[in-house]
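Engineer: Pasting a structure here, questions to come.
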Amino acid sequence: MTTERLYYDDAYTLHFEANVLEVTVHAQRPALVLDRTYFYPEGGGQPSDRGTLNGVRVLDVQTRPSDRAVLHVLESPLTAQRVTGAVDGERRRDLRAHHSGQHVLSQALERVAGARTLSVHMSETSMTIDVDRVNIAPETLEAVEALANQIVLENRPVRAWFPTPEELAALNLRKLPEIDGKVRVVDIGGFDITACGGTHVAHTGEIGIIKVIKAERRGETTRLEFKCGERALRDFQAKNEVINRLTAALTVGYWELPEAVARLQEQNRALQSELRAARERLAAYEAASLLASASSYGAYRLVARAFARSADEVRLLAQALVAESGVVALLGAAGEKAQLIFARSADVPLDVLPLLKKALEQLGGRGGGRPNLAQGGGASADLDQVQAAINAALTMLA
Ligand SMILES: [Zn+2]
């Protein structure tokens, strides 16, 4: 026994009564087969309906391949001869608008862009179609949208029916049926006629709007994401909110945003390189001042000091110090991730790596490097702790 699919002739009725034909299990969940249903089972790219049977939540609706019975998969078991069904109307309305919108968009893509729809992916959050063309120009997509939305505005009637074989043979279908046997045809007001088993609007005006959000090349095909009706409105609201915040923050019109952002990025790059140059100059001055009061290590000058600065700044200072000849620089940066930077000039015959290891024994953390430059750390340490670690390394030079 199979299920009479009432949604074929009526995609609007949400409440109904039905007899239970079979109590079964699907995917480890209790499931019911009814003699009639308004619940749409997943298929043809359209997700299944949700709702309740006698108040028990319907988690999924599937067609059983063996006999095409409709399986209503339930959250908990239900023992009843007769059930009252309630289909989730908001979800149905959303999917109905998107499915009809997809037919209109597919036809508009064929007519305007010569792009045939290869596949459709429909979910609660995203709607995409893959077409057999790449590099569709933005102006072409705009023309596609214009035609699709003209069909929406004309509020054309939509008809779904099972034609006789003779009638079917005479119809110029966009997409040929995937199944043998009785073929259902959906005619969007003479604009698009195709084989389809899904739920559709009664008039195209209910689609609301058809807006392509994104076109993305995938190999030799293009994936178009689009939104219809309330989903398109929510998308518009969210994007408008972001745009308004950005235009207020940058005090420009929305059409000037790309230029304003490009300008900011350019300024940022210029400031970064200016800052780098200024820091290098400052490091050179500071190195000279530190060297003027440096202690001595044999014939060489020694600077051993912790700073409350970023590791990057201390690294620049170490570089400036050892750029001079005859210098040993044992520097540290205090902070959340304290760092030690030990370096020496090219003409000083000293391996700073053992000094770093010694200091890290006290400071904690990891490090490494070469005889002329070694760095490490990573643990949190204040100025005194970093200085103490540097002092521990100094004992190796005594
Ligand atoms: Zn369809």
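Scheme for the structure tokens: letters A, B, ... for chains in order shown; per-chain residue numbers from 1; ligand numbers from 1 in order shown.
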Using only C-alpha atoms and all ligand atoms, find each protein or nucleic acid residue lying at most 8 Å from ligand 1; present the set as an NGL selection string.

Structural biologist: :A and (44-46 or 99-100 or 102-103 or 186 or 194-199)

Engineer: Please provide the set of residues having any atom within 12 Å of region 350-367 of chain A, restricted to only C-alpha atoms, with same-chain residues fewer than 6 positions apart removed, written as a ChimeraX atom specification.

Structural biologist: /A:297-298,300,304,326-344,373-398

Engineer: Keeping only C-alpha atoms, write the selected residues to a file as a PDB file, in the first residue's frame.

Structural biologist:
```
ATOM      1  CA  TYR A 297      83.538  42.220  28.177  1.00  0.00           C
ATOM      2  CA  GLY A 298      87.259  41.871  27.577  1.00  0.00           C
ATOM      3  CA  TYR A 300      84.330  44.226  23.641  1.00  0.00           C
ATOM      4  CA  ALA A 304      72.696  43.416  29.007  1.00  0.00           C
ATOM      5  CA  GLY A 326      82.829  44.526  18.928  1.00  0.00           C
ATOM      6  CA  VAL A 327      79.430  44.408  20.653  1.00  0.00           C
ATOM      7  CA  VAL A 328      77.645  41.732  22.712  1.00  0.00           C
ATOM      8  CA  ALA A 329      73.907  42.454  23.245  1.00  0.00           C
ATOM      9  CA  LEU A 330      71.934  40.362  25.725  1.00  0.00           C
ATOM     10  CA  LEU A 331      68.464  41.898  25.571  1.00  0.00           C
ATOM     11  CA  GLY A 332      65.033  40.887  26.826  1.00  0.00           C
ATOM     12  CA  ALA A 333      61.404  41.939  26.325  1.00  0.00           C
ATOM     13  CA  ALA A 334      59.120  41.546  29.362  1.00  0.00           C
ATOM     14  CA  GLY A 335      55.449  40.696  28.903  1.00  0.00           C
ATOM     15  CA  GLU A 336      52.849  37.933  28.489  1.00  0.00           C
ATOM     16  CA  LYS A 337      55.298  36.097  26.241  1.00  0.00           C
ATOM     17  CA  ALA A 338      58.660  37.368  27.412  1.00  0.00           C
ATOM     18  CA  GLN A 339      61.491  37.044  24.879  1.00  0.00           C
ATOM     19  CA  LEU A 340      65.266  37.004  25.103  1.00  0.00           C
ATOM     20  CA  ILE A 341      67.314  38.199  22.133  1.00  0.00           C
ATOM     21  CA  PHE A 342      71.044  37.486  22.451  1.00  0.00           C
ATOM     22  CA  ALA A 343      73.335  38.714  19.665  1.00  0.00           C
ATOM     23  CA  ARG A 344      76.938  39.667  18.987  1.00  0.00           C
ATOM     24  CA  LEU A 373      72.083  35.309  17.210  1.00  0.00           C
ATOM     25  CA  ALA A 374      69.824  33.272  19.502  1.00  0.00           C
ATOM     26  CA  GLN A 375      66.363  33.954  20.829  1.00  0.00           C
ATOM     27  CA  GLY A 376      63.713  32.295  22.937  1.00  0.00           C
ATOM     28  CA  GLY A 377      61.209  32.550  25.755  1.00  0.00           C
ATOM     29  CA  GLY A 378      57.424  32.389  25.653  1.00  0.00           C
ATOM     30  CA  ALA A 379      56.450  32.380  29.324  1.00  0.00           C
ATOM     31  CA  SER A 380      54.984  35.410  31.075  1.00  0.00           C
ATOM     32  CA  ALA A 381      57.627  37.462  32.933  1.00  0.00           C
ATOM     33  CA  ASP A 382      57.962  41.021  34.274  1.00  0.00           C
ATOM     34  CA  LEU A 383      60.912  43.353  33.828  1.00  0.00           C
ATOM     35  CA  ASP A 384      62.738  42.176  37.001  1.00  0.00           C
ATOM     36  CA  GLN A 385      62.360  38.497  36.090  1.00  0.00           C
ATOM     37  CA  VAL A 386      63.688  39.057  32.573  1.00  0.00           C
ATOM     38  CA  GLN A 387      66.611  41.096  33.934  1.00  0.00           C
ATOM     39  CA  ALA A 388      67.362  38.312  36.448  1.00  0.00           C
ATOM     40  CA  ALA A 389      67.470  35.758  33.608  1.00  0.00           C
ATOM     41  CA  ILE A 390      69.893  37.984  31.650  1.00  0.00           C
ATOM     42  CA  ASN A 391      72.023  38.371  34.799  1.00  0.00           C
ATOM     43  CA  ALA A 392      72.156  34.568  35.142  1.00  0.00           C
ATOM     44  CA  ALA A 393      73.575  34.373  31.608  1.00  0.00           C
ATOM     45  CA  LEU A 394      76.138  37.071  32.505  1.00  0.00           C
ATOM     46  CA  THR A 395      77.648  34.795  35.182  1.00  0.00           C
ATOM     47  CA  MET A 396      78.921  32.615  32.303  1.00  0.00           C
ATOM     48  CA  LEU A 397      80.965  35.565  31.002  1.00  0.00           C
ATOM     49  CA  ALA A 398      82.692  36.309  34.324  1.00  0.00           C
TER      50      ALA A 398
END
```

Engineer: Would you list the contacts of Asp94 (chain A) as a VMD selection string, taking every protein, DNA or RNA residue within 12 Å and counting only C-alpha atoms, but skipping same-chain residues closer than 5 positions in sequence?

Structural biologist: chain A and resid 46 to 47 49 88 to 89 99 to 101 122 to 127 199 to 201 206 to 208 227 to 233

Engineer: Per DSSP on the backbone, filter region 57-249 of chain A down to the residues in strand (DSSP E) and report them as an MDAnalysis selection string.

Structural biologist: chainID A and resid 57:63 70:74 82:87 117:122 127:131 158:161 185:188 192:195 210:218 221:228

Engineer: For the selection just defined, write its residues with C-alpha atoms to a file, as an mmCIF file, in the first residue's frame.

Structural biologist:
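Below you can see part.cif, which holds the result:
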```
data_model
loop_
_atom_site.group_PDB
_atom_site.id
_atom_site.type_symbol
_atom_site.label_atom_id
_atom_site.label_comp_id
_atom_site.auth_asym_id
_atom_site.auth_seq_id
_atom_site.Cartn_x
_atom_site.Cartn_y
_atom_site.Cartn_z
ATOM 1 C CA ARG A 57 7.548 16.176 15.824
ATOM 2 C CA VAL A 58 8.215 14.969 12.279
ATOM 3 C CA LEU A 59 12.027 15.034 11.895
ATOM 4 C CA ASP A 60 12.240 13.902 8.287
ATOM 5 C CA VAL A 61 10.032 12.677 5.438
ATOM 6 C CA GLN A 62 11.372 10.172 2.931
ATOM 7 C CA THR A 63 10.104 8.083 0.029
ATOM 8 C CA VAL A 70 5.962 8.168 2.271
ATOM 9 C CA LEU A 71 7.807 7.583 5.560
ATOM 10 C CA HIS A 72 7.118 10.162 8.290
ATOM 11 C CA VAL A 73 10.114 9.898 10.608
ATOM 12 C CA LEU A 74 9.154 10.800 14.180
ATOM 13 C CA ARG A 82 -5.684 7.852 12.934
ATOM 14 C CA VAL A 83 -3.517 10.933 13.088
ATOM 15 C CA THR A 84 -3.879 14.691 12.732
ATOM 16 C CA GLY A 85 -1.064 16.176 10.693
ATOM 17 C CA ALA A 86 0.251 19.743 10.805
ATOM 18 C CA VAL A 87 2.858 20.847 8.276
ATOM 19 C CA THR A 117 20.753 24.204 -15.315
ATOM 20 C CA LEU A 118 22.674 21.021 -14.497
ATOM 21 C CA SER A 119 21.730 20.599 -10.843
ATOM 22 C CA VAL A 120 19.886 22.294 -8.004
ATOM 23 C CA HIS A 121 20.757 22.363 -4.294
ATOM 24 C CA MET A 122 18.032 23.549 -1.977
ATOM 25 C CA MET A 127 19.810 27.821 -2.644
ATOM 26 C CA THR A 128 22.185 27.185 -5.513
ATOM 27 C CA ILE A 129 22.001 26.088 -9.124
ATOM 28 C CA ASP A 130 24.895 24.850 -11.232
ATOM 29 C CA VAL A 131 24.823 25.874 -14.908
ATOM 30 C CA VAL A 158 1.358 28.389 -11.810
ATOM 31 C CA ARG A 159 -0.168 25.041 -12.745
ATOM 32 C CA ALA A 160 1.002 21.544 -11.776
ATOM 33 C CA TRP A 161 -0.646 18.461 -13.274
ATOM 34 C CA VAL A 185 4.582 18.882 -15.063
ATOM 35 C CA VAL A 186 4.859 22.385 -13.598
ATOM 36 C CA ASP A 187 3.960 25.301 -15.862
ATOM 37 C CA ILE A 188 5.023 28.736 -14.595
ATOM 38 C CA ASP A 192 8.758 27.732 -17.974
ATOM 39 C CA ILE A 193 7.372 24.236 -18.383
ATOM 40 C CA THR A 194 9.273 21.395 -16.786
ATOM 41 C CA ALA A 195 8.894 17.997 -15.122
ATOM 42 C CA ILE A 210 14.685 36.554 -7.089
ATOM 43 C CA LYS A 211 18.173 37.840 -6.288
ATOM 44 C CA VAL A 212 21.442 36.188 -7.285
ATOM 45 C CA ILE A 213 23.856 36.627 -4.360
ATOM 46 C CA LYS A 214 26.991 35.041 -5.749
ATOM 47 C CA ALA A 215 28.352 33.484 -8.960
ATOM 48 C CA GLU A 216 31.304 31.157 -8.483
ATOM 49 C CA ARG A 217 33.208 29.237 -11.120
ATOM 50 C CA ARG A 218 33.567 25.519 -10.417
ATOM 51 C CA THR A 221 30.349 25.115 -14.556
ATOM 52 C CA THR A 222 29.132 28.127 -12.588
ATOM 53 C CA ARG A 223 27.396 27.848 -9.219
ATOM 54 C CA LEU A 224 24.835 30.604 -8.678
ATOM 55 C CA GLU A 225 23.553 31.266 -5.189
ATOM 56 C CA PHE A 226 20.250 33.085 -4.975
ATOM 57 C CA LYS A 227 17.570 34.080 -2.482
ATOM 58 C CA CYS A 228 13.838 34.629 -2.824
#
```

Engineer: I'd like the contact shell of region 277-293 of chain A - 7 Å cut-off, only C-alpha atoms, skipping same-chain residues fewer than 4 positions apart - returned as a list in words.

Structural biologist: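 In the requested format, the answer is Ser273, Leu316, Leu317, Ala320 and Leu321 of chain A.
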
Engineer: Using only C-alpha atoms, which of the listed residues (A:Arg184, A:Gly189, A:Ile209, A:Asp67) sits closest to Asp235 (chain A)?

Structural biologist: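 Looking at the shortest contact to Asp235 (chain A), the residue is A:Ile209.
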
Engineer: Determine, counting only C-alpha atoms, which protein, DNA and RNA residues have an atom within 12 Å of an atom of Pro258 (chain A); residues of the same chain fewer than 6 positions away are not included. Present the result as a PyMOL selection string.

Structural biologist: chain A and resi 243+246-247+250+252+264-265

Engineer: Provide the CA of Thr2 (chain A) to CA of Phe16 (chain A) distance in Å, to one decimal place.

Structural biologist: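 Computing it gives 17.3 Å between the two atoms.
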
Engineer: So which one's closest to Ser106 (chain A), A:Val33, A:Leu78, A:Pro349, A:Phe191? Using only C-alpha atoms, please.

Structural biologist: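 The shortest atom-to-atom distance to Ser106 (chain A) comes from A:Phe191.
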